[in-house]
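Peer 1: Dropping a structure here in C-alpha cells format, bear with me for questions.
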Amino acid sequence: MTAPVLKPLVVGSTGADRDASPPLIEIENLSLFYGKAQALKNISMTIRERVVTAFIGPSGCGKSTLLRCLNRMNDLIPGVRIQGTVKIGGHDIYGPDVDVIELRRRVGMVFQKSNPFAKSIYDNVAYGLRLQGVKKKAELDAAVEQALRQAALWDEVKDRLHESALGLSGGQQQRLCIARAIAIKPEIILMDEPASALDPIATARIEDLIRELKKDFTIVIVTHNMQQAARMSDYTAFLYLGELVEYDKTTKIFTSPRDKRTEDYVTGRFG
C-alpha cells in the first residue's frame, strides 16, 4: 500500500499558528518543458496551510501550468518534462512511490469552466464518495448535504437534489463543482480562474465562498483579475515569462512590491 502523500490537516489553527507552522507545499527549482519549449523556469516557493494564495500574471506566463504541477495534471500532456521538486506535507509528489490517484483525491481541482456531470445534483456530489467505496445512503446523504452547505448551495437546491445539474445557472454549477471537489475532503483545492466565466453577482458569491472555505482548506487560485486577487488572497505570486518574479503577502505585492515588473503589472502598465 502506498504511504499517504500529504500530511493531515491541523484543524483549528489560528492565523498566527499558520505563520509559524511548516509550509504545506514546498516547490524547489521547478522547471517544466513542453518538448523543447520551457514554460516554467526554476521556480521556488512555499505555501502554508489554510491560506488563499493567488497566482497572477499576463496570459501565457505559466500560472495554470504551475497550478497543475501541484496535482500532476501536467502528466496527462504528451511531451511534458519536469525538473525540480514539489513536496506536499514533506513528501515529494513526483516520487516513484506516489499514488497519483490518491494525490488528486487530496489535492482537488476546480476548473475555469464549470463541468458538472450529466447527472443529478445529488449524484454529482456523491460521485467521488462512491468511487471511494461509500455505499450507505445515510452516509452519502450526510456528506452530500455537508458539501453543499460548505459550497453555499444547499438552500438553493435542497428541494431539487434529484434534478439534472445541467439545469443550474452558471454560478450554481461552479459552486456545485466546488461541492463535488470538497465532498471527498481534500487538504488542498486548486482553482483555475473559477469565476472568469461568471457575471459580477455570481463572481462575488464565489469570492465569498473561497474566503469561507479557507477555514478548512488550503486554496491556490489562478486569476487574471488583479482586483480579485487583492480582495480575497492572503499571498500573491506574480509570474512573468515562466519566472516567479515576486511572491509575498498580498498587501505588500499590491502596495509596495520590490520588483519594478510587479509594480508595472499591478498598476496596469502592461498585461
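Residue numbers start at 1 in each chain; chains themselves are named A, B, ... in the order of the C-alpha cells; ligands are numbered from 1 in the order shown.
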Tell me, counting only C-alpha atoms, for each residue of region 103-181 of chain A within 8 Å of region 206-212 of chain A, which pair of atoms is nearest and how far apart they are in Å to one decimal, in rows ordered by chain and increasing number, as CSV.

Peer 2:
```
residue,atom,partner,partner_atom,distance
A:Ala151,CA,A:Leu209,CA,6.5
A:Ala152,CA,A:Leu209,CA,6.9
A:Gly171,CA,A:Ile206,CA,7.8
A:Arg175,CA,A:Ile206,CA,7.2
```

Peer 1: Set the distance at 10 Å and use only C-alpha atoms: which residues neighbour Ile25 (chain A) once local chain neighbours fewer than 3 positions away are removed? I'd like the list as a VMD selection string.

Peer 2: chain A and resid 6 22 28 45 to 49 70 86 to 92 188 218

Peer 1: Quick one: DSSP strand (DSSP E) residues in region 237-267 of chain A, as a PDB file with N, CA and C atoms, in the first residue's frame?

Peer 2:
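Resulting contents of result-v8.pdb:
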```
ATOM      1  N   ALA A 237       1.539  35.490  -5.852  1.00  0.00           N
ATOM      2  CA  ALA A 237       2.753  35.220  -6.630  1.00  0.00           C
ATOM      3  C   ALA A 237       2.574  35.830  -8.010  1.00  0.00           C
ATOM      4  N   PHE A 238       3.515  36.652  -8.420  1.00  0.00           N
ATOM      5  CA  PHE A 238       3.484  37.255  -9.751  1.00  0.00           C
ATOM      6  C   PHE A 238       4.449  36.514 -10.664  1.00  0.00           C
ATOM      7  N   LEU A 239       3.908  35.933 -11.740  1.00  0.00           N
ATOM      8  CA  LEU A 239       4.730  35.205 -12.704  1.00  0.00           C
ATOM      9  C   LEU A 239       4.799  35.992 -14.001  1.00  0.00           C
ATOM     10  N   TYR A 240       5.968  35.906 -14.653  1.00  0.00           N
ATOM     11  CA  TYR A 240       6.156  36.588 -15.927  1.00  0.00           C
ATOM     12  C   TYR A 240       7.142  35.783 -16.770  1.00  0.00           C
ATOM     13  N   GLU A 243       8.797  32.801 -15.152  1.00  0.00           N
ATOM     14  CA  GLU A 243       9.598  33.029 -13.946  1.00  0.00           C
ATOM     15  C   GLU A 243       8.710  33.533 -12.810  1.00  0.00           C
ATOM     16  N   LEU A 244       9.065  33.169 -11.589  1.00  0.00           N
ATOM     17  CA  LEU A 244       8.416  33.735 -10.415  1.00  0.00           C
ATOM     18  C   LEU A 244       9.150  35.030 -10.080  1.00  0.00           C
ATOM     19  N   VAL A 245       8.523  36.144 -10.411  1.00  0.00           N
ATOM     20  CA  VAL A 245       9.171  37.444 -10.227  1.00  0.00           C
ATOM     21  C   VAL A 245       9.140  37.856  -8.764  1.00  0.00           C
ATOM     22  N   GLU A 246       7.980  37.668  -8.127  1.00  0.00           N
ATOM     23  CA  GLU A 246       7.834  38.120  -6.746  1.00  0.00           C
ATOM     24  C   GLU A 246       6.712  37.332  -6.069  1.00  0.00           C
ATOM     25  N   TYR A 247       6.920  37.032  -4.789  1.00  0.00           N
ATOM     26  CA  TYR A 247       5.935  36.277  -4.013  1.00  0.00           C
ATOM     27  C   TYR A 247       5.964  36.792  -2.590  1.00  0.00           C
ATOM     28  N   ASP A 248       4.807  37.280  -2.124  1.00  0.00           N
ATOM     29  CA  ASP A 248       4.776  37.870  -0.785  1.00  0.00           C
ATOM     30  C   ASP A 248       3.327  37.979  -0.336  1.00  0.00           C
ATOM     31  N   LYS A 249       3.137  38.536   0.857  1.00  0.00           N
ATOM     32  CA  LYS A 249       1.778  38.811   1.305  1.00  0.00           C
ATOM     33  C   LYS A 249       1.107  39.734   0.289  1.00  0.00           C
TER      34      LYS A 249
END
```

Peer 1: Tell me, as a list in words, which residues lie within 12 Å of Asn42 (chain A), counting only C-alpha atoms; anything in the same chain fewer than 4 positions away does not count.

Peer 2: Ile27, Glu28, Asn29, Leu30, Ser31, Leu32, Phe33, Gln38, Gly62, Leu66, Ile82, Gln83, Gly84, Thr85, Val86, Leu239, Leu241, Gly242, Glu243, Leu244 and Val245 of chain A

Peer 1: In Å, how far is it from CA of Gln112 (chain A) to CA of Asp192 (chain A)?

Peer 2: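 Result for CA of Gln112 (chain A) versus CA of Asp192 (chain A): 5.2 Å, one decimal.
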
Peer 1: For a test of reading the model, state the distance in Å between CA of Arg180 (chain A) and CA of His162 (chain A), rounded to one decimal.

Peer 2: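 CA of Arg180 (chain A) sits 15.0 Å away from CA of His162 (chain A).
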
Peer 1: From the options A:Trp154, A:Gln174, A:Ile184, A:Ala179, which residue's atoms come nearest to Gln132 (chain A), counting only C-alpha atoms?

Peer 2: A:Ile184

Peer 1: What is the CA of Glu145 (chain A)-CA of Val100 (chain A) distance in Å, reported with one decimal?

Peer 2: 27.8 Å

Peer 1: Which residues are close to Arg50 (chain A), i.e. within 8 Å by only C-alpha atoms, leaving aside same-chain residues fewer than 6 positions away? Reply as a list of chain:residue names.

Peer 2: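 Those residues are A:Arg18, A:Lys214, A:Lys215, A:Asp216, A:Phe217, A:Thr218, A:Ile219.
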
Peer 1: Kindly save the residues from that selection, with N, CA and C atoms included, as a PDB file, in the first residue's frame.

Peer 2:
```pdb
ATOM      1  N   ARG A  18      -0.500  29.592  11.706  1.00  0.00           N
ATOM      2  CA  ARG A  18      -0.170  29.285  10.317  1.00  0.00           C
ATOM      3  C   ARG A  18       1.159  29.917   9.929  1.00  0.00           C
ATOM      4  N   LYS A 214     -11.428  28.760   3.252  1.00  0.00           N
ATOM      5  CA  LYS A 214     -10.036  28.704   3.725  1.00  0.00           C
ATOM      6  C   LYS A 214      -9.944  28.377   5.214  1.00  0.00           C
ATOM      7  N   LYS A 215     -11.077  28.396   5.915  1.00  0.00           N
ATOM      8  CA  LYS A 215     -11.067  27.948   7.311  1.00  0.00           C
ATOM      9  C   LYS A 215     -10.731  26.453   7.396  1.00  0.00           C
ATOM     10  N   ASP A 216     -11.062  25.724   6.336  1.00  0.00           N
ATOM     11  CA  ASP A 216     -10.889  24.270   6.348  1.00  0.00           C
ATOM     12  C   ASP A 216      -9.924  23.746   5.291  1.00  0.00           C
ATOM     13  N   PHE A 217      -9.619  24.557   4.274  1.00  0.00           N
ATOM     14  CA  PHE A 217      -8.816  24.069   3.154  1.00  0.00           C
ATOM     15  C   PHE A 217      -7.715  25.068   2.818  1.00  0.00           C
ATOM     16  N   THR A 218      -6.641  24.550   2.236  1.00  0.00           N
ATOM     17  CA  THR A 218      -5.605  25.390   1.639  1.00  0.00           C
ATOM     18  C   THR A 218      -6.000  25.610   0.186  1.00  0.00           C
ATOM     19  N   ILE A 219      -6.065  26.854  -0.241  1.00  0.00           N
ATOM     20  CA  ILE A 219      -6.582  27.166  -1.573  1.00  0.00           C
ATOM     21  C   ILE A 219      -5.519  27.894  -2.387  1.00  0.00           C
TER      22      ILE A 219
END
```

Peer 1: Would you please extract all helix (DSSP H, G or I) residues from region 7-174 of chain A, as assigned by DSSP on the backbone, and give them as a VMD selection string?

Peer 2: chain A and resid 15 to 20 63 to 69 73 to 76 100 to 106 121 to 131 137 to 150 154 to 157 165 to 167 170 to 174
